[in-house]
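Peer 1: So that we are looking at the same thing, I have put the structure below in structure tokens.
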Amino acid sequence: MKKICISKDWKFKCHATGEEKRVDLPHDFSIELPRNKEALGGASNGFFEGSDGEYIKYMEFDGSAHVILDVDGAYMCARVSVNNHLLLMHPYGYTPFLVDFTDKMMKNRINRISIHTLNLQPSTRWYSGAGVYRDVFLWTGGKVRIEPRDIFITTKSADEKSATVSVAITVTSDEDARVSLAGGVTAPDGTKVCEDAQSLSVKKGKTQTEMVFEVENPALWDADHPHLYTFEATITCDGVCTDTAEVTFGIRTMSVSAEHGLLVNGKQVKLRGGCIHHDHAALGAMALPAAEERKLTLLKAAGFNAVRTAHYPPSLALLEICDRLGLYVMDEAFDMWNVPKNRMDYSLWFKDWWDRDIRDMVLRDRNHPCVISYSVGNEIAERDGKSDGVYWMQTLVDEVKKYDSTRPVTVGICQIWDAPDADAPDCYKEDYMDGFPNLGDGTIESCWDKRTEQYIAPLDMVGYNYLYERYEYDHEHYPDRIMWGSETHALNIYHSWASVMRNNYVIGDFTWTAYDNLGEAGTGRALWARDGRIDGISLADYPWRACYQGDFDLCGYRRPQSYFREMVWRGDTEPRIFTTHPEHYGEEFTGTGWHWYDVHESWTFEDQYLGKPVRAEVYTDADEIRFLLNGKEVGVASPKDGIAALDIPYEKGELTAVSYYGGVEHKRSTLRTVGAPAGIIAVAEKNEFSADNRDLCYVQITVLDADGNHVTHAQNELSCVVEGGELLSLYCANPANEDDYKNGKCHAFEGRALAVVRACKAGDVTLTLTGEGLSGTSLTVKAR
């Protein structure tokens, strides 16, 4: 069937405000509403409000085609109506769904399509967004057709010389017919490499067939070489073309075993992974392809080769970009089954909808070479077998494999959270406490493995959330178990990655998180002793809006932990210097465990700290780091667990770090004392972009001193005005302030901010930036 995007120009009505306006999809109206410390979603949702909403579009159809609506994601309980006929209520906000409305269509007349979404909170443990936040498509085809998701392409075998590719096709017909089915494969360079044709007798309903192609000298797909092929099919009936179909795919083989680990095209791969949520900071949940691509491009440049879509299926746009950029995807379905984590979450519908949601996820995603595994759950409450957890695990695994048996099925599993009531009998308490993975004496021998054994048994591999210290112990007891670090603290990457590298049966490590997200407010925060103490994870109060755990902040700027991770993964990196403000020298520091050290790339402190010690650290695998202050060596440090640290008496000027391997200088970096904030520089990440109201131009904004140096402590209020386009947001990465994402103003955070613009017509788009006490600047980019 032919597929077109119909995301442009819908009428939207927000029930909370009564406002009506024209919008293009994807659209998240929760991000447009004022934050409220009394919001139903609370800190989990970043204190963002929500509302019910309705999207309406009018379209004319001549009645000659079969028509299917394809909604990639709508949050939540989406009710789809055509000409006021309610056709579907789809509860889950993260799975795509199809609606065939051919029978309700008025031929040669205007038809009304409506998508109504509900705001039920609290329904997630993160920022959910609201509305039709992903794209909507329309599929049209003839009386004999290939409907969406009815082509499944698999690589039967492949090496550098040849590949055998199977294309399983389901043909749908409105009547018995004799048809010709032609198919062909096009290589990444546009060359047609294989063709086949079949004569089929199709019955009314579904008819299955298969084409097998031998591809010579195939360009194999992997994360380093993301080569993509295209399969095209044409159906002809009585000499007339009734349908065409097209699928992009990659040729690759994949296997997992405890002995050899993960093999892609016969070569071992270690997954350098990160967990990501679906939001894009000030854009909310809007899954614009340009926003998805920016996030993924930044992650890959920092060394990631894999992402885990936590804890729900991603957008189609994300998968298409991962195919093209070369990123492996752990494709996750659910954060809960029957046992809830929030009052209004998916557990209310799981029992009735689990099979349809698994089907919709797998059928949409199975042709994407980036997808290497399906996860059927994260930190599921039933993980110790209670509430029929073992039954549901086997049932879900079987359902996935019904649609795709070529990829391993997994989950993310953590310690057992539940604890007995304080007044419970002692024997009852002992039974429960034995379920935790670590005993009080620090050993890992416990009955956690026994309590989860049957739950884990149906899986092809097991994701360990914050349990990397169990790898080797569990391998002794379950030698065939394939493991991966499905969530790992940034603070532990040095040791958790070492475990990955020395054990074939551990195929990778995924940090929580790779990119900061809205919601889970304050779960990555830390405190100095003067401000209190944090013992364990907890949510923060308003005005916190973000979790502050990511390697990248809300604006997409790299945080210190990102450079540490890159050093661990790649080695021989630039010896960037991070310092702790001297006011905290010797002071106790605590955090949630998902935090990072309170360090900054700064050598600028108040005069009162002249001569006082400043802790400076470099993330390195070098033999030693030599520190130079104003050209004079002030000390040498060898790294411990990847960090070379030295206490240096503060003196204004330049602090330089030089890395040495085997006594030979490799690289150096320098911090400089900067002056007061004086001006702004704006740098567009691209000089031109499409004037389609979908493409985005991101503009990086930095506060400078009079000499053009980045002032990392600047917090000046900034303003932005855009002509020739639309300012979607001017915002900073501060996870806990009250800036309004939509009013064109924000305060700099660590001396930086970000502007996001789009345009609906070609021409110059000019941004004018001003700041409190700063000289302004302007920037022009082209919309084409």
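Starting from 1 in every chain, residues are counted up; chains themselves are A, B, ... following the order of the structure tokens, and ligands are numbered from 1 as listed.
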Quick one: residues within 7 Å of Pro122 (chain A), only C-alpha atoms, excluding same-chain residues fewer than 3 positions away - as a list of chain:residue names?

Peer 2: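 Residues meeting the cut-off are A:Leu40, A:Gly41, A:Asn342, A:Arg343, A:Met344.
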
Peer 1: Pull N, CA, C and O atoms from the residues just selected and write them as an mmCIF file, in the first residue's frame.

Peer 2:
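Listing of result.cif after writing:
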```
data_model
loop_
_atom_site.group_PDB
_atom_site.id
_atom_site.type_symbol
_atom_site.label_atom_id
_atom_site.label_comp_id
_atom_site.auth_asym_id
_atom_site.auth_seq_id
_atom_site.Cartn_x
_atom_site.Cartn_y
_atom_site.Cartn_z
ATOM 1 N N LEU A 40 -1.147 16.885 38.765
ATOM 2 C CA LEU A 40 -1.478 15.519 39.161
ATOM 3 C C LEU A 40 -0.299 14.560 38.994
ATOM 4 O O LEU A 40 -0.123 13.640 39.776
ATOM 5 N N GLY A 41 0.495 14.776 37.955
ATOM 6 C CA GLY A 41 1.639 13.895 37.724
ATOM 7 C C GLY A 41 2.783 14.136 38.672
ATOM 8 O O GLY A 41 3.699 13.302 38.786
ATOM 9 N N ASN A 342 2.012 3.281 39.191
ATOM 10 C CA ASN A 342 1.293 4.536 39.387
ATOM 11 C C ASN A 342 -0.208 4.263 39.331
ATOM 12 O O ASN A 342 -0.652 3.256 38.758
ATOM 13 N N ARG A 343 -0.969 5.170 39.881
ATOM 14 C CA ARG A 343 -2.403 4.951 40.052
ATOM 15 C C ARG A 343 -3.131 4.768 38.727
ATOM 16 O O ARG A 343 -4.083 3.981 38.636
ATOM 17 N N MET A 344 -2.702 5.490 37.660
ATOM 18 C CA MET A 344 -3.419 5.454 36.382
ATOM 19 C C MET A 344 -2.543 4.903 35.265
ATOM 20 O O MET A 344 -2.692 5.294 34.112
#
```

Peer 1: I want to know what sits within 9 Å of Arg668 (chain A), based on only C-alpha atoms, with residues of the same chain fewer than 6 positions away left out; could you give that as a list in words?

Peer 2: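 The neighbour list is Glu574, Pro575, Arg576, Thr656, Ala657, Val658 and Ser659 of chain A.
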
Peer 1: Produce a file of the selected residues containing N, CA and C atoms, as a JSON list (two decimals), in the first residue's frame.

Peer 2:
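For reference, out02.json as written:
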```json
[["chain", "number", "residue", "atom", "x", "y", "z"],
["A", 574, "GLU", "N", 41.16, 13.51, 25.03],
["A", 574, "GLU", "CA", 41.69, 14.81, 25.45],
["A", 574, "GLU", "C", 41.64, 14.92, 26.97],
["A", 575, "PRO", "N", 42.73, 15.35, 27.61],
["A", 575, "PRO", "CA", 42.76, 15.42, 29.08],
["A", 575, "PRO", "C", 42.05, 16.67, 29.62],
["A", 576, "ARG", "N", 40.74, 16.72, 29.44],
["A", 576, "ARG", "CA", 39.96, 17.86, 29.91],
["A", 576, "ARG", "C", 40.04, 17.95, 31.43],
["A", 656, "THR", "N", 46.92, 23.94, 32.78],
["A", 656, "THR", "CA", 47.05, 23.01, 31.66],
["A", 656, "THR", "C", 47.29, 21.60, 32.17],
["A", 657, "ALA", "N", 46.67, 20.64, 31.54],
["A", 657, "ALA", "CA", 46.90, 19.22, 31.82],
["A", 657, "ALA", "C", 47.52, 18.58, 30.59],
["A", 658, "VAL", "N", 48.56, 17.79, 30.81],
["A", 658, "VAL", "CA", 49.28, 17.12, 29.71],
["A", 658, "VAL", "C", 49.29, 15.63, 30.01],
["A", 659, "SER", "N", 48.82, 14.82, 29.05],
["A", 659, "SER", "CA", 48.79, 13.37, 29.24],
["A", 659, "SER", "C", 50.07, 12.75, 28.68]]
```

Peer 1: For Asn630 (chain A), find every residue with an atom within 12 Å (counting only C-alpha atoms), except residues of its own chain fewer than 5 positions away, and show them as a tab-separated table (two decimals) with C-alpha atoms, in the first residue's frame.

Peer 2:
```tsv
chain	number	residue	atom	x	y	z
A	603	TRP	CA	39.47	27.97	36.59
A	650	TYR	CA	44.49	28.72	43.18
A	651	GLU	CA	46.24	31.31	41.08
A	652	LYS	CA	44.62	33.21	38.24
A	653	GLY	CA	45.76	32.44	34.73
A	654	GLU	CA	46.01	29.17	32.80
A	655	LEU	CA	45.87	25.64	34.13
A	656	THR	CA	47.05	23.01	31.66
A	657	ALA	CA	46.90	19.22	31.82
A	670	THR	CA	43.83	24.22	29.19
A	671	LEU	CA	41.44	26.14	31.42
A	672	ARG	CA	41.69	29.92	31.70
A	673	THR	CA	40.53	32.42	34.28
```

Peer 1: Would you kindly return, as a VMD selection string, each protein, DNA or RNA residue with an atom no farther than 8 Å from any atom of Ser166 (chain A), considering only C-alpha atoms and excluding same-chain residues fewer than 3 positions away?

Peer 2: chain A and resid 153 to 156 210 to 213

Peer 1: List the spatial neighbours of Asp480 (chain A) as a PyMOL selection string - criterion: any atom at most 12 Å away, only C-alpha atoms, same-chain residues fewer than 3 positions off excluded.

Peer 2: chain A and resi 256-261+457+459-462+474-477+483+504-506

Peer 1: List every residue of region 498-728 of chain A that DSSP, applied to the backbone of this structure, assigns to strand (DSSP E), and report them as an NGL selection string.

Peer 2: :A and (506-511 or 526-528 or 577-579 or 589-591 or 613-619 or 624-629 or 632-637 or 643-649 or 654-661 or 664-672 or 679-684 or 688-689 or 697-704 or 717-723 or 726-728)

Peer 1: May I ask which of the residues A:Gly46, A:Gly131, A:Gly266, A:Gly184 is the closest one to Met254 (chain A), counting only C-alpha atoms?

Peer 2: A:Gly266

Peer 1: In terms of the shortest atom-to-atom distance over only C-alpha atoms, which of A:Val756, A:Ala78, A:Met330, A:Met1 is closest to Ala245 (chain A)?

Peer 2: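 Under the stated criterion, the closest residue is A:Met1.
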
Peer 1: Expressed in Å to a single decimal, how great is the separation between CA of Leu628 (chain A) and CA of Glu665 (chain A)?

Peer 2: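 We find that CA of Leu628 (chain A) and CA of Glu665 (chain A) lie 13.4 Å from each other.
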
Peer 1: Between CA of Glu214 (chain A) and CA of Asp196 (chain A), measure the distance and give it in Å to one decimal.

Peer 2: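 Here the two named atoms are 10.8 Å from each other.
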
Peer 1: Find the residues near Arg134 (chain A): any atom within 9 Å, counting only C-alpha atoms, skip ones fewer than 6 places away on the same chain, and give them as a compact mmCIF listing (two decimals) with N, CA, C and O atoms, in the first residue's frame.

Peer 2:
```txt
# COMPACT_ATOMS: atom_id res chain seq x y z
N SER A 7 0.48 14.50 8.71
CA SER A 7 0.66 15.19 9.98
C SER A 7 0.41 16.69 9.91
O SER A 7 0.25 17.34 10.94
N LEU A 25 1.36 17.98 13.37
CA LEU A 25 1.85 16.89 14.20
C LEU A 25 3.28 16.57 13.78
O LEU A 25 3.68 16.82 12.65
N PRO A 26 4.06 16.06 14.72
CA PRO A 26 3.77 15.72 16.11
C PRO A 26 3.50 16.97 16.96
O PRO A 26 4.07 18.03 16.71
N HIS A 27 2.67 16.78 18.00
CA HIS A 27 2.29 17.91 18.84
C HIS A 27 2.13 17.42 20.28
O HIS A 27 1.47 16.41 20.53
N ASP A 28 2.75 18.13 21.20
CA ASP A 28 2.62 17.84 22.63
C ASP A 28 2.09 19.09 23.30
O ASP A 28 2.80 20.09 23.39
N VAL A 71 -1.40 5.58 13.28
CA VAL A 71 -1.02 6.55 14.32
C VAL A 71 0.20 5.99 15.04
O VAL A 71 0.14 4.95 15.68
N ASP A 72 1.31 6.70 14.95
CA ASP A 72 2.56 6.17 15.51
C ASP A 72 2.63 6.31 17.02
O ASP A 72 3.38 5.60 17.67
N GLY A 73 1.85 7.22 17.58
CA GLY A 73 1.83 7.36 19.03
C GLY A 73 0.93 8.50 19.47
O GLY A 73 1.03 9.62 18.94
N ALA A 74 0.03 8.23 20.42
CA ALA A 74 -0.85 9.26 20.97
C ALA A 74 -1.03 8.97 22.45
O ALA A 74 -1.38 7.85 22.83
N ALA A 285 7.35 15.95 24.25
CA ALA A 285 7.37 14.61 23.65
C ALA A 285 7.29 14.64 22.13
O ALA A 285 7.24 13.57 21.50
N MET A 286 7.27 15.81 21.52
CA MET A 286 7.14 15.90 20.06
C MET A 286 8.25 15.11 19.37
O MET A 286 9.42 15.47 19.44
N ALA A 287 7.86 14.04 18.67
CA ALA A 287 8.85 13.18 18.04
C ALA A 287 9.15 13.65 16.62
O ALA A 287 9.04 12.90 15.64
N LEU A 288 9.55 14.91 16.52
CA LEU A 288 9.98 15.43 15.21
C LEU A 288 11.26 14.72 14.79
O LEU A 288 12.20 14.60 15.58
N SER A 315 9.54 5.96 18.68
CA SER A 315 8.88 6.43 17.47
C SER A 315 9.46 5.72 16.26
O SER A 315 10.60 5.23 16.26
N LEU A 316 8.67 5.66 15.19
CA LEU A 316 9.17 5.14 13.92
C LEU A 316 10.35 5.97 13.44
O LEU A 316 11.33 5.44 12.90
N ALA A 317 10.28 7.28 13.64
CA ALA A 317 11.37 8.16 13.21
C ALA A 317 12.68 7.76 13.87
O ALA A 317 13.73 7.73 13.21
```
